[in-house]
Amino acid sequence: MKRKFLAAPYVVWMLLFTLVPLFIVIYFAFTDSITGAFTLNNLVSITDYATIFLRSIWLSVAATLICLIIGYPVAYTIAQCKPKTQRILHMLIMLPMCMSFLLRTLAWVALLEDTGIINNIITSLGITPLPLIRNSGAVILGMVYNYLPYMILPLYTSISKQNPRLIEAAEDLGCNKVNVFRKVILPLSLPGITSGITMVFVPAVSTFYISQKLGSPGTILVGDVIESQFKGAYNPNLGAAMSLILMILIFICIGITNHFTKNTDEEVMMS
Amino acid sequence: MRKASKVVTVIVFLFLYVPIIVLMVASFSSGTDLAIFKEFTFSRYAELFKDTNLLLLVRNSAIIAVLSTAVATILGTMAAMGIYSMKGRIRSLVMGLTNIPMTNPDIVTGVSLALMFAFTGTVLRLQTVLGFWTLLIAHITFNLPYVILNVMPRLAQMDPNLTNAALDLGCTPIKSFFKVTLHEIMPGIISGALMSFTMSLDDFVISYFVTGSGFLTLPVEIYNYTKKPIHPKLYALFSLMFIVILILMVTMNVLQARSGSAKRRLRAGKEAA
């Protein structure tokens with residue numbers, strides 16, 4: 001029986017609506033916005049936005065690392081709970097992901113504002129208010145807040161799948177707790193770390209809105225510029241060129257991450 | 001170590017839920033500032049249910065979510081079965097295709113679809129193409145991988161002898177699908193469908209680029225609202241949606257727990273025999 005052909009409508013759909021649009025992005029990136037002739041101007045003028053690209057990368061790398069550092073203990077703790085508790089906590093991590101991220105980001109504005117909730121509490125304690133908003137730190141916080149669940153979930157999956165007997169074996173063979181973590185738990189959770197990094201970095205580096213609300217004009221990100229090419233200053237050709245560069249950048253970053261975790265990945269598969 | 005991890009976990013859960021609590025508390029405040037609680041009131045909820053415009057947006061979002069989930073679930077389940085029977089190069093090519101919308105940032109997916117729709121529009125000499133249909137196509141496209149990635153592991157877990165037994169006992173392939181396979185992979189289909197539904201209901205970035213003024217969904221219009229001072233009835237709407245999604249997720253959890261324990265009982269029975 002040719003069960004393979006059940007996938008035919010899907011393959012046609014995906015070719016039409018994911019592959020063809022990507023080729024159209026490339027087409028727009030290399031054509032002039034008025035004459036439609038072939039040009040490299042769009043890609044050349046991206047050099048004007050180099051600082052914005054660099055800023056997007058640096059802020060999202062920082063957010064990704066923070067997510068990894070605070071996400072790991074959370075994933076580890078959830079994986080140690082009873083199965084029933086694990087299911088509930090897992091659900092509580094997923095729940096915020098399904099709620100309007102626009103309104104949740106707006107709630108952060110209310111928390112961080114100069115006359116916001118946190119500063120109100122601080123001033124009532126007699127401390128001078130802090131500049132919590134309109135800076136890079138607030139943008140990083142917004143990214144960490146929005147994308148932390150995308151780090152915790154794959155980490156949790158890879159930690160909870162580990163065979164507890166491996167840890168027992170390491171302990172029996174004389175490993176102390178630090179070494180059990182370093183030599184057994186951490187290497188075995190590398191696939192989770194890799195996919196967590198990707199799942200946080202990709203939306204963080206391409207985000208818009210977060211910096212519009214929590215940042216200042218000095219913390220504009222690539223996503224904001226791309227958005228304005230389509231919704232404001234209408235220059236879809238420049239927007240397409242920026243999207244193309246963004247895609248290539250992400251491709252390179254994922255490549256680097258995979259390179260660093262590759263060797264151990266194979267070891268995991270062998271065990 | 002373990003204690004420190006627990007402390008971090010508690011702080012992270014607070015961190016994740018404080019903004020949600022801020023919004024829910026604000027939905028009962030008579031003031032308009034999120035940061036200041038004035039007097040307790042239910043009037044935001046009353047205003048919400050009087051706002052036909054907002055309810056229309058909720059309806060639009062629900063229509064798109066239901067339709068895109070239905071199409072994506074059927075197409076995706078068929079595709080998962082097809083891909084599962086593929087081998088080697090073709091299989092990895094198709095899986096690569098599945099991964100494109102998963103690894104591409106939403107903004108690029110949105111922009112690329114918007115450009116293609118605009119391109120098609122100029123070729124067909126249409127005034128506006130962006131609207132209901134483009135939105136539906138985009139949502140089906142980003143929902144499909146979720147269905148496939150949820151159904152494939154179920155197919156892998158399934159005992160192939162079950163289908164063979166059904167065929168031996170005289171089922172046609174179609175009948176054996178509906179009586180055996182479908183039953184076995186149902187939990188994957190349900191979780192894929194629920195995931196699609198919530199993704200679609202909440203999607204802002206892709207929808208923002210592929211829809212026109214003719215057909216707006218709630219998240220897209222919330223974005224327009226947040227550019228001006230926002231009306232507090234949106235906080236009431238947020239709180240209600242939180243409850244709805246919570247119920248959906250608890251249901252999903254109970255379903256998964258049940259199928260899990262049924263499987264365990266079956267396996268235990270097998271081992272005993």
# chains A, B, ... in the order shown; residues from 1 in each chain; ligands from 1
>>> select_by_dssp(residues="range 2-242 of chain B", states="alpha helix (DSSP H)", output="ChimeraX atom specification")
/B:2-26,43-50,52-84,88-103,106-123,132-157,160-168,173-176,182-202,205-210,218-227,233-242
>>> residues_around(residues="Pro203 in chain A", least_positions_apart="2", cutoff="12 Å", atoms="only C-alpha atoms", output="PyMOL selection string")
(chain A and resi 56-57+60-61+63-64+143-144+146-148+150-151+196-201+205-210+222-223+246-247+250) or (chain B and resi 102-109+205)
>>> write_last_selection(atoms="C-alpha atoms", output="PDB file, in the first residue's frame")
ATOM      1  CA  SER A  56      19.859  42.720  18.718  1.00  0.00           C
ATOM      2  CA  ILE A  57      22.407  39.927  18.834  1.00  0.00           C
ATOM      3  CA  SER A  60      19.311  38.335  22.810  1.00  0.00           C
ATOM      4  CA  VAL A  61      22.518  36.429  23.610  1.00  0.00           C
ATOM      5  CA  ALA A  63      18.734  37.039  27.483  1.00  0.00           C
ATOM      6  CA  THR A  64      19.427  33.484  26.256  1.00  0.00           C
ATOM      7  CA  MET A 143      12.958  38.907  26.577  1.00  0.00           C
ATOM      8  CA  VAL A 144      13.776  36.654  29.543  1.00  0.00           C
ATOM      9  CA  ASN A 146       8.607  36.133  27.464  1.00  0.00           C
ATOM     10  CA  TYR A 147      10.916  33.332  26.342  1.00  0.00           C
ATOM     11  CA  LEU A 148      11.986  31.620  29.593  1.00  0.00           C
ATOM     12  CA  TYR A 150      10.835  27.976  25.834  1.00  0.00           C
ATOM     13  CA  MET A 151      14.100  27.245  27.671  1.00  0.00           C
ATOM     14  CA  GLY A 196      16.443  25.572  24.592  1.00  0.00           C
ATOM     15  CA  ILE A 197      19.082  28.009  23.356  1.00  0.00           C
ATOM     16  CA  THR A 198      17.623  27.907  19.842  1.00  0.00           C
ATOM     17  CA  MET A 199      14.047  28.298  21.042  1.00  0.00           C
ATOM     18  CA  VAL A 200      14.924  31.387  23.108  1.00  0.00           C
ATOM     19  CA  PHE A 201      17.488  32.999  20.837  1.00  0.00           C
ATOM     20  CA  VAL A 205      16.732  38.213  18.246  1.00  0.00           C
ATOM     21  CA  SER A 206      13.779  38.803  15.924  1.00  0.00           C
ATOM     22  CA  THR A 207      11.380  40.311  18.455  1.00  0.00           C
ATOM     23  CA  PHE A 208       9.582  43.566  18.017  1.00  0.00           C
ATOM     24  CA  TYR A 209       7.258  45.317  20.473  1.00  0.00           C
ATOM     25  CA  ILE A 210       9.297  44.424  23.581  1.00  0.00           C
ATOM     26  CA  VAL A 222      16.064  44.462  14.049  1.00  0.00           C
ATOM     27  CA  GLY A 223      12.476  43.277  14.426  1.00  0.00           C
ATOM     28  CA  LEU A 246      18.384  37.910   9.896  1.00  0.00           C
ATOM     29  CA  MET A 247      17.663  34.381   8.650  1.00  0.00           C
ATOM     30  CA  ILE A 250      20.193  32.820  12.870  1.00  0.00           C
TER      31      ILE A 250
ATOM     32  CA  MET B 102       9.624  25.883  13.445  1.00  0.00           C
ATOM     33  CA  THR B 103      13.129  27.396  13.220  1.00  0.00           C
ATOM     34  CA  ASN B 104      12.312  30.494  11.184  1.00  0.00           C
ATOM     35  CA  PRO B 105      11.481  33.481  13.381  1.00  0.00           C
ATOM     36  CA  ASP B 106       7.800  34.396  13.309  1.00  0.00           C
ATOM     37  CA  ILE B 107       8.539  37.786  11.823  1.00  0.00           C
ATOM     38  CA  VAL B 108      10.266  36.199   8.816  1.00  0.00           C
ATOM     39  CA  THR B 109       7.408  33.715   8.338  1.00  0.00           C
ATOM     40  CA  VAL B 205       3.293  38.404  14.908  1.00  0.00           C
TER      41      VAL B 205
END
>>> atom_distance(atom1="CA of Thr122 in chain B", atom2="CA of Glu221 in chain B")
26.4 Å
>>> residues_around(residues="Pro164 in chain A", least_positions_apart="4", cutoff="12 Å", atoms="only C-alpha atoms", output="list in words")
Ala79, Gln80, Ile159, Ser160, Glu168, Ala169, Ala170, Glu171, Val180, Val184, Ile185 and Leu188 of chain A
>>> write_last_selection(atoms="C-alpha atoms", output="PDB file, in the first residue's frame")
ATOM      1  CA  ALA A  79      12.095  16.788  37.104  1.00  0.00           C
ATOM      2  CA  GLN A  80      12.778  15.723  40.719  1.00  0.00           C
ATOM      3  CA  ILE A 159      16.417  15.904  32.283  1.00  0.00           C
ATOM      4  CA  SER A 160      13.282  13.897  33.065  1.00  0.00           C
ATOM      5  CA  GLU A 168      23.280   5.711  40.976  1.00  0.00           C
ATOM      6  CA  ALA A 169      26.088   4.063  39.043  1.00  0.00           C
ATOM      7  CA  ALA A 170      28.164   7.261  39.125  1.00  0.00           C
ATOM      8  CA  GLU A 171      27.588   7.546  42.868  1.00  0.00           C
ATOM      9  CA  VAL A 180      27.618  13.509  39.202  1.00  0.00           C
ATOM     10  CA  VAL A 184      26.427  12.660  34.091  1.00  0.00           C
ATOM     11  CA  ILE A 185      23.452  14.986  34.362  1.00  0.00           C
ATOM     12  CA  LEU A 188      22.996  14.037  29.183  1.00  0.00           C
TER      13      LEU A 188
END
>>> residues_around(residues="Met14 in chain A", least_positions_apart="2", cutoff="10 Å", atoms="only C-alpha atoms", output="ChimeraX atom specification")
/A:8-12,16-20 /B:94,97-98,100-101,140-142,144-145
>>> decode(residues="range 208-235 of chain A", atoms="N, CA, C and O atoms", output="CSV table (one decimal), in the first residue's frame")
chain,number,residue,atom,x,y,z
A,208,PHE,N,9.9,42.1,18.0
A,208,PHE,CA,9.6,43.6,18.0
A,208,PHE,C,8.5,43.8,19.1
A,208,PHE,O,8.0,42.8,19.6
A,209,TYR,N,8.2,45.0,19.4
A,209,TYR,CA,7.3,45.3,20.5
A,209,TYR,C,7.9,45.4,21.8
A,209,TYR,O,7.7,46.4,22.5
A,210,ILE,N,8.7,44.4,22.2
A,210,ILE,CA,9.3,44.4,23.6
A,210,ILE,C,10.1,45.7,23.8
A,210,ILE,O,10.0,46.4,24.7
A,211,SER,N,11.0,46.0,22.8
A,211,SER,CA,11.8,47.2,22.9
A,211,SER,C,11.0,48.5,22.7
A,211,SER,O,11.3,49.5,23.3
A,212,GLN,N,9.9,48.4,21.9
A,212,GLN,CA,9.1,49.6,21.8
A,212,GLN,C,8.4,50.0,23.1
A,212,GLN,O,8.2,51.2,23.4
A,213,LYS,N,8.1,49.0,23.9
A,213,LYS,CA,7.4,49.3,25.2
A,213,LYS,C,8.4,49.4,26.4
A,213,LYS,O,8.2,50.3,27.2
A,214,LEU,N,9.4,48.6,26.4
A,214,LEU,CA,10.3,48.6,27.6
A,214,LEU,C,11.6,49.3,27.4
A,214,LEU,O,12.3,49.7,28.3
A,215,GLY,N,12.0,49.6,26.1
A,215,GLY,CA,13.2,50.2,25.8
A,215,GLY,C,13.1,51.6,25.4
A,215,GLY,O,12.0,52.3,25.7
A,216,SER,N,14.2,52.2,24.9
A,216,SER,CA,14.2,53.6,24.5
A,216,SER,C,14.5,53.6,23.0
A,216,SER,O,14.8,52.6,22.4
A,217,PRO,N,14.4,54.8,22.4
A,217,PRO,CA,14.8,54.9,20.9
A,217,PRO,C,16.2,54.3,20.7
A,217,PRO,O,16.5,53.9,19.6
A,218,GLY,N,17.0,54.3,21.8
A,218,GLY,CA,18.4,53.8,21.6
A,218,GLY,C,18.5,52.3,21.7
A,218,GLY,O,19.6,51.7,21.6
A,219,THR,N,17.4,51.6,22.0
A,219,THR,CA,17.4,50.2,22.1
A,219,THR,C,16.6,49.5,21.0
A,219,THR,O,16.1,48.4,21.2
A,220,ILE,N,16.4,50.2,19.9
A,220,ILE,CA,15.6,49.6,18.8
A,220,ILE,C,16.3,48.4,18.3
A,220,ILE,O,17.5,48.3,18.2
A,221,LEU,N,15.4,47.3,18.0
A,221,LEU,CA,16.0,46.1,17.5
A,221,LEU,C,15.6,45.8,16.0
A,221,LEU,O,14.8,46.5,15.5
A,222,VAL,N,16.3,44.8,15.5
A,222,VAL,CA,16.1,44.5,14.0
A,222,VAL,C,14.6,44.3,13.8
A,222,VAL,O,14.1,44.8,12.8
A,223,GLY,N,13.9,43.6,14.6
A,223,GLY,CA,12.5,43.3,14.4
A,223,GLY,C,11.7,44.6,14.3
A,223,GLY,O,10.8,44.7,13.4
A,224,ASP,N,12.0,45.6,15.1
A,224,ASP,CA,11.3,46.8,15.0
A,224,ASP,C,11.5,47.5,13.6
A,224,ASP,O,10.6,48.1,13.1
A,225,VAL,N,12.8,47.4,13.2
A,225,VAL,CA,13.1,48.0,11.9
A,225,VAL,C,12.3,47.3,10.7
A,225,VAL,O,11.8,47.9,9.9
A,226,ILE,N,12.4,46.0,10.8
A,226,ILE,CA,11.7,45.2,9.7
A,226,ILE,C,10.2,45.5,9.8
A,226,ILE,O,9.6,45.8,8.7
A,227,GLU,N,9.6,45.6,11.0
A,227,GLU,CA,8.2,45.9,11.1
A,227,GLU,C,7.9,47.3,10.4
A,227,GLU,O,7.0,47.4,9.6
A,228,SER,N,8.8,48.3,10.7
A,228,SER,CA,8.5,49.6,10.1
A,228,SER,C,8.6,49.6,8.6
A,228,SER,O,8.0,50.4,8.0
A,229,GLN,N,9.4,48.7,8.1
A,229,GLN,CA,9.5,48.7,6.6
A,229,GLN,C,8.3,48.2,6.0
A,229,GLN,O,8.0,48.4,4.8
A,230,PHE,N,7.5,47.4,6.7
A,230,PHE,CA,6.3,46.9,6.2
A,230,PHE,C,5.0,47.6,6.6
A,230,PHE,O,4.0,47.7,5.9
A,231,LYS,N,5.1,48.2,7.8
A,231,LYS,CA,3.9,48.9,8.3
A,231,LYS,C,4.0,50.4,8.4
A,231,LYS,O,3.0,51.1,8.5
A,232,GLY,N,5.2,50.9,8.3
A,232,GLY,CA,5.4,52.4,8.4
A,232,GLY,C,6.0,53.0,7.2
A,232,GLY,O,5.3,53.3,6.2
A,233,ALA,N,7.3,53.0,7.1
A,233,ALA,CA,8.0,53.6,6.0
A,233,ALA,C,8.0,52.9,4.7
A,233,ALA,O,8.8,53.1,3.9
A,234,TYR,N,7.1,52.0,4.6
A,234,TYR,CA,6.9,51.1,3.5
A,234,TYR,C,8.1,51.0,2.5
A,234,TYR,O,8.1,51.6,1.4
A,235,ASN,N,9.0,50.1,2.8
A,235,ASN,CA,10.0,49.7,1.8
A,235,ASN,C,10.2,48.2,1.9
A,235,ASN,O,11.1,47.7,2.6
